[in-house]
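So this block is entry36.txt, compact mmCIF, C-alpha atoms:
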```
# COMPACT_ATOMS: atom_id res chain seq x y z
CA MET B 1 9.19 4.06 -21.04
CA ASN B 2 11.16 1.04 -19.85
CA ASN B 3 12.87 1.15 -16.49
CA ARG B 4 14.96 -0.98 -14.14
CA LEU B 5 13.12 -0.03 -10.99
CA LYS B 6 11.85 -3.54 -10.26
CA VAL B 7 15.34 -5.01 -10.66
CA LEU B 8 16.94 -2.35 -8.48
CA ARG B 9 14.27 -2.85 -5.85
CA ALA B 10 14.73 -6.62 -5.93
CA GLU B 11 18.51 -6.24 -5.53
CA ARG B 12 17.86 -4.45 -2.26
CA ASP B 13 15.18 -6.92 -1.26
CA TRP B 14 12.64 -4.14 -0.80
CA SER B 15 8.91 -4.53 -1.18
CA GLN B 16 6.98 -2.03 -3.27
CA ALA B 17 5.67 -0.52 -0.05
CA GLU B 18 9.19 -0.08 1.33
CA LEU B 19 10.39 1.58 -1.86
CA ALA B 20 7.30 3.78 -1.81
CA GLY B 21 8.18 4.81 1.74
CA HIS B 22 11.72 5.76 0.67
CA LEU B 23 10.34 7.85 -2.19
CA ASP B 24 7.42 9.31 -0.25
CA VAL B 25 4.85 8.10 -2.76
CA SER B 26 2.07 5.50 -2.65
CA ARG B 27 2.64 1.80 -3.30
CA GLN B 28 0.33 2.16 -6.29
CA ALA B 29 2.66 4.78 -7.75
CA VAL B 30 5.65 2.42 -7.48
CA ASN B 31 3.63 -0.37 -9.07
CA ALA B 32 2.49 1.89 -11.92
CA ILE B 33 6.07 2.99 -12.64
CA GLU B 34 7.43 -0.55 -12.49
CA THR B 35 4.81 -1.87 -14.88
CA GLY B 36 5.32 1.04 -17.28
CA LYS B 37 1.81 2.40 -16.77
CA HIS B 38 3.12 5.72 -15.50
CA ASP B 39 6.17 7.80 -16.29
CA PRO B 40 7.37 9.63 -13.19
CA SER B 41 7.72 13.38 -13.10
CA LEU B 42 11.21 14.84 -13.30
CA PRO B 43 11.41 15.56 -9.54
CA LEU B 44 10.39 11.98 -8.73
CA ALA B 45 12.83 10.60 -11.31
CA PHE B 46 15.60 12.59 -9.61
CA ARG B 47 14.54 11.23 -6.20
CA ILE B 48 14.69 7.70 -7.60
CA GLY B 49 18.12 8.37 -9.08
CA ARG B 50 19.41 9.75 -5.79
CA LEU B 51 17.96 6.82 -3.83
CA PHE B 52 19.77 4.28 -5.98
CA ALA B 53 22.81 6.54 -6.45
CA MET B 54 22.54 6.24 -10.21
CA PRO B 55 21.98 8.65 -13.09
CA ILE B 56 18.38 8.81 -14.29
CA GLU B 57 19.29 7.48 -17.73
CA GLU B 58 20.68 4.29 -16.18
CA ILE B 59 17.31 3.62 -14.57
CA PHE B 60 14.94 4.86 -17.29
CA ASP B 61 15.22 4.15 -20.98
CA ASP B 62 13.25 6.30 -23.40
CA GLN B 63 14.17 3.88 -26.24
CA GLN B 64 15.48 6.77 -28.33
CA GLY B 65 19.17 6.54 -27.50
CA MET D 1 -6.82 8.06 -1.48
CA TYR D 2 -7.40 5.62 -4.34
CA LEU D 3 -10.49 4.33 -2.56
CA ASN D 4 -11.92 7.84 -2.93
CA LEU D 5 -11.90 7.41 -6.71
CA TRP D 6 -14.13 4.34 -6.35
CA ILE D 7 -16.42 6.15 -3.91
CA GLY D 8 -16.60 9.05 -6.36
CA LEU D 9 -17.45 6.77 -9.29
CA LEU D 10 -20.13 5.00 -7.27
CA SER D 11 -21.61 8.31 -6.07
CA SER D 12 -21.59 9.86 -9.52
CA GLY D 13 -23.18 6.69 -10.91
CA PHE D 14 -25.96 6.97 -8.34
CA MET D 15 -26.34 10.65 -9.18
CA LEU D 16 -26.57 9.94 -12.91
CA GLY D 17 -29.09 7.16 -12.32
CA ALA D 18 -31.23 9.41 -10.17
CA VAL D 19 -31.07 12.44 -12.48
CA ALA D 20 -31.41 10.63 -15.80
CA PHE D 21 -33.64 7.68 -14.94
CA GLY D 22 -35.20 8.52 -11.58
CA ILE D 23 -33.55 5.51 -9.92
CA LEU D 24 -33.37 5.83 -6.11
CA PRO D 25 -34.17 9.55 -6.21
CA PHE D 26 -33.80 9.86 -2.43
CA LEU D 27 -30.05 9.27 -2.90
CA GLU D 28 -29.70 12.09 -5.42
CA GLY D 29 -28.83 14.84 -2.95
CA TRP D 30 -26.43 12.70 -0.91
CA ALA D 31 -24.72 11.48 -4.07
CA ALA D 32 -24.36 15.05 -5.31
CA LEU D 33 -22.78 16.11 -2.01
CA LEU D 34 -20.35 13.17 -2.08
CA VAL D 35 -19.41 13.80 -5.70
CA SER D 36 -18.90 17.53 -5.17
CA ALA D 37 -16.74 16.93 -2.10
CA HIS D 38 -14.53 14.47 -3.96
CA LEU D 39 -14.23 16.63 -7.07
CA MET D 40 -13.35 19.67 -4.96
CA THR D 41 -10.75 17.66 -3.08
CA PHE D 42 -9.16 16.36 -6.26
CA ALA D 43 -9.25 19.77 -7.93
CA LEU D 44 -7.83 21.81 -5.09
CA ALA D 45 -5.89 19.53 -2.77
CA ASN D 46 -2.22 18.96 -3.39
CA ARG D 47 -1.76 15.94 -1.17
CA GLY D 48 -1.61 13.30 -3.84
CA ASP D 49 1.62 11.86 -5.15
CA ASP D 50 2.95 11.95 -8.69
CA TYR D 51 0.82 9.06 -9.91
CA PHE D 52 -2.38 10.19 -8.26
CA LYS D 53 -2.04 13.63 -9.87
CA ALA D 54 -1.62 11.91 -13.24
CA LEU D 55 -4.84 9.98 -12.63
CA CYS D 56 -6.65 13.21 -11.75
CA GLN D 57 -5.27 14.85 -14.87
CA LYS D 58 -6.67 12.00 -16.97
CA GLY D 59 -10.01 12.35 -15.19
CA PHE D 60 -10.20 16.07 -15.86
CA SER D 61 -9.31 15.42 -19.51
CA PHE D 62 -12.28 13.07 -19.77
CA ALA D 63 -14.57 15.56 -18.02
CA GLY D 64 -13.39 18.33 -20.35
CA ALA D 65 -14.01 16.13 -23.38
CA THR D 66 -17.52 15.46 -22.05
CA PHE D 67 -18.23 19.19 -21.88
CA ALA D 68 -16.87 19.58 -25.41
CA LEU D 69 -19.07 16.77 -26.80
CA TRP D 70 -22.10 18.20 -25.02
CA LEU D 71 -21.42 21.62 -26.52
CA ILE D 72 -20.87 20.16 -29.98
CA VAL D 73 -24.28 18.46 -29.87
CA GLN D 74 -25.90 21.60 -28.43
CA GLY D 75 -24.14 23.80 -30.98
CA ILE D 76 -25.12 21.69 -33.98
CA LEU D 77 -28.74 21.45 -32.87
CA THR D 78 -28.88 25.17 -32.06
CA VAL D 79 -27.46 26.08 -35.47
CA GLY D 80 -29.98 23.70 -37.03
CA GLU D 81 -32.75 25.33 -35.04
CA GLY D 82 -31.67 28.78 -36.21
CA GLY D 83 -31.45 27.56 -39.80
CA TYR D 84 -34.96 26.12 -39.63
CA GLY D 85 -36.33 29.49 -38.51
CA VAL D 86 -34.43 31.29 -41.23
CA GLY D 87 -35.70 28.78 -43.77
CA MET D 88 -39.30 29.25 -42.68
CA THR D 89 -38.90 33.02 -42.85
CA ALA D 90 -37.35 32.75 -46.31
CA ALA D 91 -40.29 30.65 -47.40
CA GLY D 92 -42.62 33.41 -46.31
CA ALA D 93 -43.86 31.83 -43.07
CA THR D 94 -43.46 33.25 -39.58
CA PRO D 95 -41.81 30.67 -37.30
CA THR D 96 -43.32 30.38 -33.85
CA ALA D 97 -41.45 29.33 -30.73
CA ASP D 98 -42.85 25.82 -31.13
CA ASP D 99 -41.54 25.61 -34.69
CA VAL D 100 -37.95 26.27 -33.72
CA SER D 101 -37.72 24.60 -30.31
CA PHE D 102 -38.24 20.97 -31.24
CA PHE D 103 -34.58 20.52 -32.22
CA LEU D 104 -33.35 21.05 -28.67
CA PRO D 105 -34.32 18.22 -26.35
CA ASP D 106 -34.95 19.23 -22.74
CA TRP D 107 -32.10 17.15 -21.39
CA LEU D 108 -29.56 19.31 -23.24
CA ASN D 109 -30.43 22.21 -20.96
CA ASN D 110 -30.26 20.13 -17.78
CA ALA D 111 -27.10 21.29 -16.00
CA TYR D 112 -27.58 18.72 -13.26
CA LEU D 113 -27.48 15.95 -15.87
CA LEU D 114 -24.38 17.44 -17.48
CA ALA D 115 -22.68 17.58 -14.08
CA ALA D 116 -23.56 13.93 -13.42
CA VAL D 117 -22.27 12.79 -16.83
CA ALA D 118 -19.07 14.84 -16.45
CA SER D 119 -18.53 13.41 -12.95
CA VAL D 120 -18.88 9.86 -14.22
CA ALA D 121 -16.44 10.75 -17.01
CA PHE D 122 -13.94 12.15 -14.49
CA PHE D 123 -13.95 9.18 -12.15
CA GLY D 124 -14.26 6.71 -15.02
CA GLY D 125 -11.30 8.27 -16.81
CA ALA D 126 -9.10 8.31 -13.72
CA LEU D 127 -9.97 4.74 -12.77
CA GLY D 128 -9.67 3.61 -16.39
CA LYS D 129 -6.07 4.81 -16.39
CA HIS D 130 -5.47 3.24 -12.99
CA MET D 131 -6.93 -0.15 -13.91
CA GLY D 132 -6.15 -0.31 -17.60
CA GLY D 133 -2.92 1.57 -17.71
CA SER D 134 -3.65 3.93 -20.58
CA ARG D 135 -1.18 6.82 -20.71
```
Would you write the structure of this file as structure tokens?
Amino acid sequence: MNNRLKVLRAERDWSQAELAGHLDVSRQAVNAIETGKHDPSLPLAFRIGRLFAMPIEEIFDDQQG
Amino acid sequence: MYLNLWIGLLSSGFMLGAVAFGILPFLEGWAALLVSAHLMTFALANRGDDYFKALCQKGFSFAGATFALWLIVQGILTVGEGGYGVGMTAAGATPTADDVSFFLPDWLNNAYLLAAVASVAFFGGALGKHMGGSR
């Protein structure tokens, strides 16, 4: 699943570790999501959406729409 | 947390080497204790984040597949063993224990070996997903 997490993080000038701190996950988790190795669970996707004040579908693209 | 996966893989590798090939047998018990502690932690603890749980899930899938493969081999050989005895009986001979036991190698009944292989599969699967990025 493609996502805009890296772009959104860069816009705020956050490191992966800082974003991980905001989301209460490990830096490795942020890296895995950004590189598309891992799709976040629904609760984590909602946390990401709330953090960036955006709907989930504007951050994640399941390439089916 | 992720370091524990590497420690687990190393420990289970030592355990497998000791059980299967007799390499550094004095480490066997310590390796088994380390592996069991890590597996228990990953199975029961809920401290990991989203991604770590996904890695553990992949590891347990690999361990489960290992059990399945082991049982497939054991099942096929056991069925073959039973068939050999039936065949001998049908041919008018009386199969002895020696006649029907050569199909099953000793290592198939070694639970310690199975545990070591399954542990390597668990940690290898989890780390394979972590390093390689398989979904």
List every protein, DNA or RNA residue with an atom no more than 12 Å from (6.3, -5.7, -12.1) in the file's coordinates, counting only C-alpha atoms, and format the result as a PDB file with C-alpha atoms, in the frame of the given file.
```pdb
ATOM      1  CA  ASN B   2      11.160   1.040 -19.850  1.00  0.00           C
ATOM      2  CA  ASN B   3      12.870   1.150 -16.490  1.00  0.00           C
ATOM      3  CA  ARG B   4      14.960  -0.980 -14.140  1.00  0.00           C
ATOM      4  CA  LEU B   5      13.120  -0.030 -10.990  1.00  0.00           C
ATOM      5  CA  LYS B   6      11.850  -3.540 -10.260  1.00  0.00           C
ATOM      6  CA  VAL B   7      15.340  -5.010 -10.660  1.00  0.00           C
ATOM      7  CA  LEU B   8      16.940  -2.350  -8.480  1.00  0.00           C
ATOM      8  CA  ARG B   9      14.270  -2.850  -5.850  1.00  0.00           C
ATOM      9  CA  ALA B  10      14.730  -6.620  -5.930  1.00  0.00           C
ATOM     10  CA  SER B  15       8.910  -4.530  -1.180  1.00  0.00           C
ATOM     11  CA  GLN B  16       6.980  -2.030  -3.270  1.00  0.00           C
ATOM     12  CA  GLN B  28       0.330   2.160  -6.290  1.00  0.00           C
ATOM     13  CA  ALA B  29       2.660   4.780  -7.750  1.00  0.00           C
ATOM     14  CA  VAL B  30       5.650   2.420  -7.480  1.00  0.00           C
ATOM     15  CA  ASN B  31       3.630  -0.370  -9.070  1.00  0.00           C
ATOM     16  CA  ALA B  32       2.490   1.890 -11.920  1.00  0.00           C
ATOM     17  CA  ILE B  33       6.070   2.990 -12.640  1.00  0.00           C
ATOM     18  CA  GLU B  34       7.430  -0.550 -12.490  1.00  0.00           C
ATOM     19  CA  THR B  35       4.810  -1.870 -14.880  1.00  0.00           C
ATOM     20  CA  GLY B  36       5.320   1.040 -17.280  1.00  0.00           C
ATOM     21  CA  LYS B  37       1.810   2.400 -16.770  1.00  0.00           C
TER      22      LYS B  37
END
```
Using all atoms listed in the file, I'd like every residue of chain B that has an atom within 7 Å of chain D; please write them out as a compact mmCIF listing (two decimals) with C-alpha atoms, in the coordinates of the input.
```txt
# COMPACT_ATOMS: atom_id res chain seq x y z
CA VAL B 25 4.85 8.10 -2.76
CA SER B 26 2.07 5.50 -2.65
CA ALA B 29 2.66 4.78 -7.75
CA LYS B 37 1.81 2.40 -16.77
CA HIS B 38 3.12 5.72 -15.50
CA PRO B 40 7.37 9.63 -13.19
CA SER B 41 7.72 13.38 -13.10
```
Q) Which is closest to Phe52 (chain B) among B:Arg12, B:Arg27, B:Asp39, B:Ala17, if we use only C-alpha atoms? A) B:Arg12
(Q) as number ranges by chain, please: the residues near Trp30 (chain D) (cut-off 12 Å, only C-alpha atoms, same-chain neighbours under 5 positions excluded). (A) D: 8, 10-12, 14-15, 18, 24-25, 35-37
As lines of an AutoDock Vina configuration file, what would the box around region 25-39 of chain D look like: edges along x, y and z, 3 Å added on every side, centre and edge lengths in Å to one decimal?
```
center_x = -24.2
center_y = 13.4
center_z = -4.0
size_x = 25.9
size_y = 14.3
size_z = 12.2
```
Q: Find the distance between CA of Ala116 (chain D) and CA of Asp98 (chain D) and write it in Å to one decimal.
A: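 One can read the CA of Ala116 (chain D) to CA of Asp98 (chain D) distance as 28.8 Å.
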Q: Find the residues with any atom within 12 Å of (-25.8, 17.4, -12.1); use all atoms listed in the file and the coordinates as given in the file, and write the answer as number ranges by chain.
A: D: 11-20, 28-29, 31-33, 35-36, 107-120
Near-region 74-87 of chain D list (12 Å; all atoms listed in the file; drop same-chain fewer than 4 positions) as an mmCIF file with C-alpha atoms, keeping the file's coordinate frame:
```cif
data_model
loop_
_atom_site.group_PDB
_atom_site.id
_atom_site.type_symbol
_atom_site.label_atom_id
_atom_site.label_comp_id
_atom_site.auth_asym_id
_atom_site.auth_seq_id
_atom_site.Cartn_x
_atom_site.Cartn_y
_atom_site.Cartn_z
ATOM 1 C CA PHE D 67 -18.230 19.190 -21.880
ATOM 2 C CA ALA D 68 -16.870 19.580 -25.410
ATOM 3 C CA LEU D 69 -19.070 16.770 -26.800
ATOM 4 C CA TRP D 70 -22.100 18.200 -25.020
ATOM 5 C CA ALA D 91 -40.290 30.650 -47.400
ATOM 6 C CA GLY D 92 -42.620 33.410 -46.310
ATOM 7 C CA ALA D 93 -43.860 31.830 -43.070
ATOM 8 C CA THR D 94 -43.460 33.250 -39.580
ATOM 9 C CA PRO D 95 -41.810 30.670 -37.300
ATOM 10 C CA THR D 96 -43.320 30.380 -33.850
ATOM 11 C CA ALA D 97 -41.450 29.330 -30.730
ATOM 12 C CA ASP D 98 -42.850 25.820 -31.130
ATOM 13 C CA ASP D 99 -41.540 25.610 -34.690
ATOM 14 C CA VAL D 100 -37.950 26.270 -33.720
ATOM 15 C CA SER D 101 -37.720 24.600 -30.310
ATOM 16 C CA PHE D 102 -38.240 20.970 -31.240
ATOM 17 C CA PHE D 103 -34.580 20.520 -32.220
ATOM 18 C CA LEU D 104 -33.350 21.050 -28.670
ATOM 19 C CA PRO D 105 -34.320 18.220 -26.350
ATOM 20 C CA ASP D 106 -34.950 19.230 -22.740
ATOM 21 C CA TRP D 107 -32.100 17.150 -21.390
ATOM 22 C CA LEU D 108 -29.560 19.310 -23.240
ATOM 23 C CA ASN D 109 -30.430 22.210 -20.960
ATOM 24 C CA ASN D 110 -30.260 20.130 -17.780
ATOM 25 C CA LEU D 114 -24.380 17.440 -17.480
#
```
(Q) As an exercise, work out the distance from CA of Ala65 (chain D) to CA of Phe122 (chain D) in Å and give it to one decimal place. (A) 9.7 Å
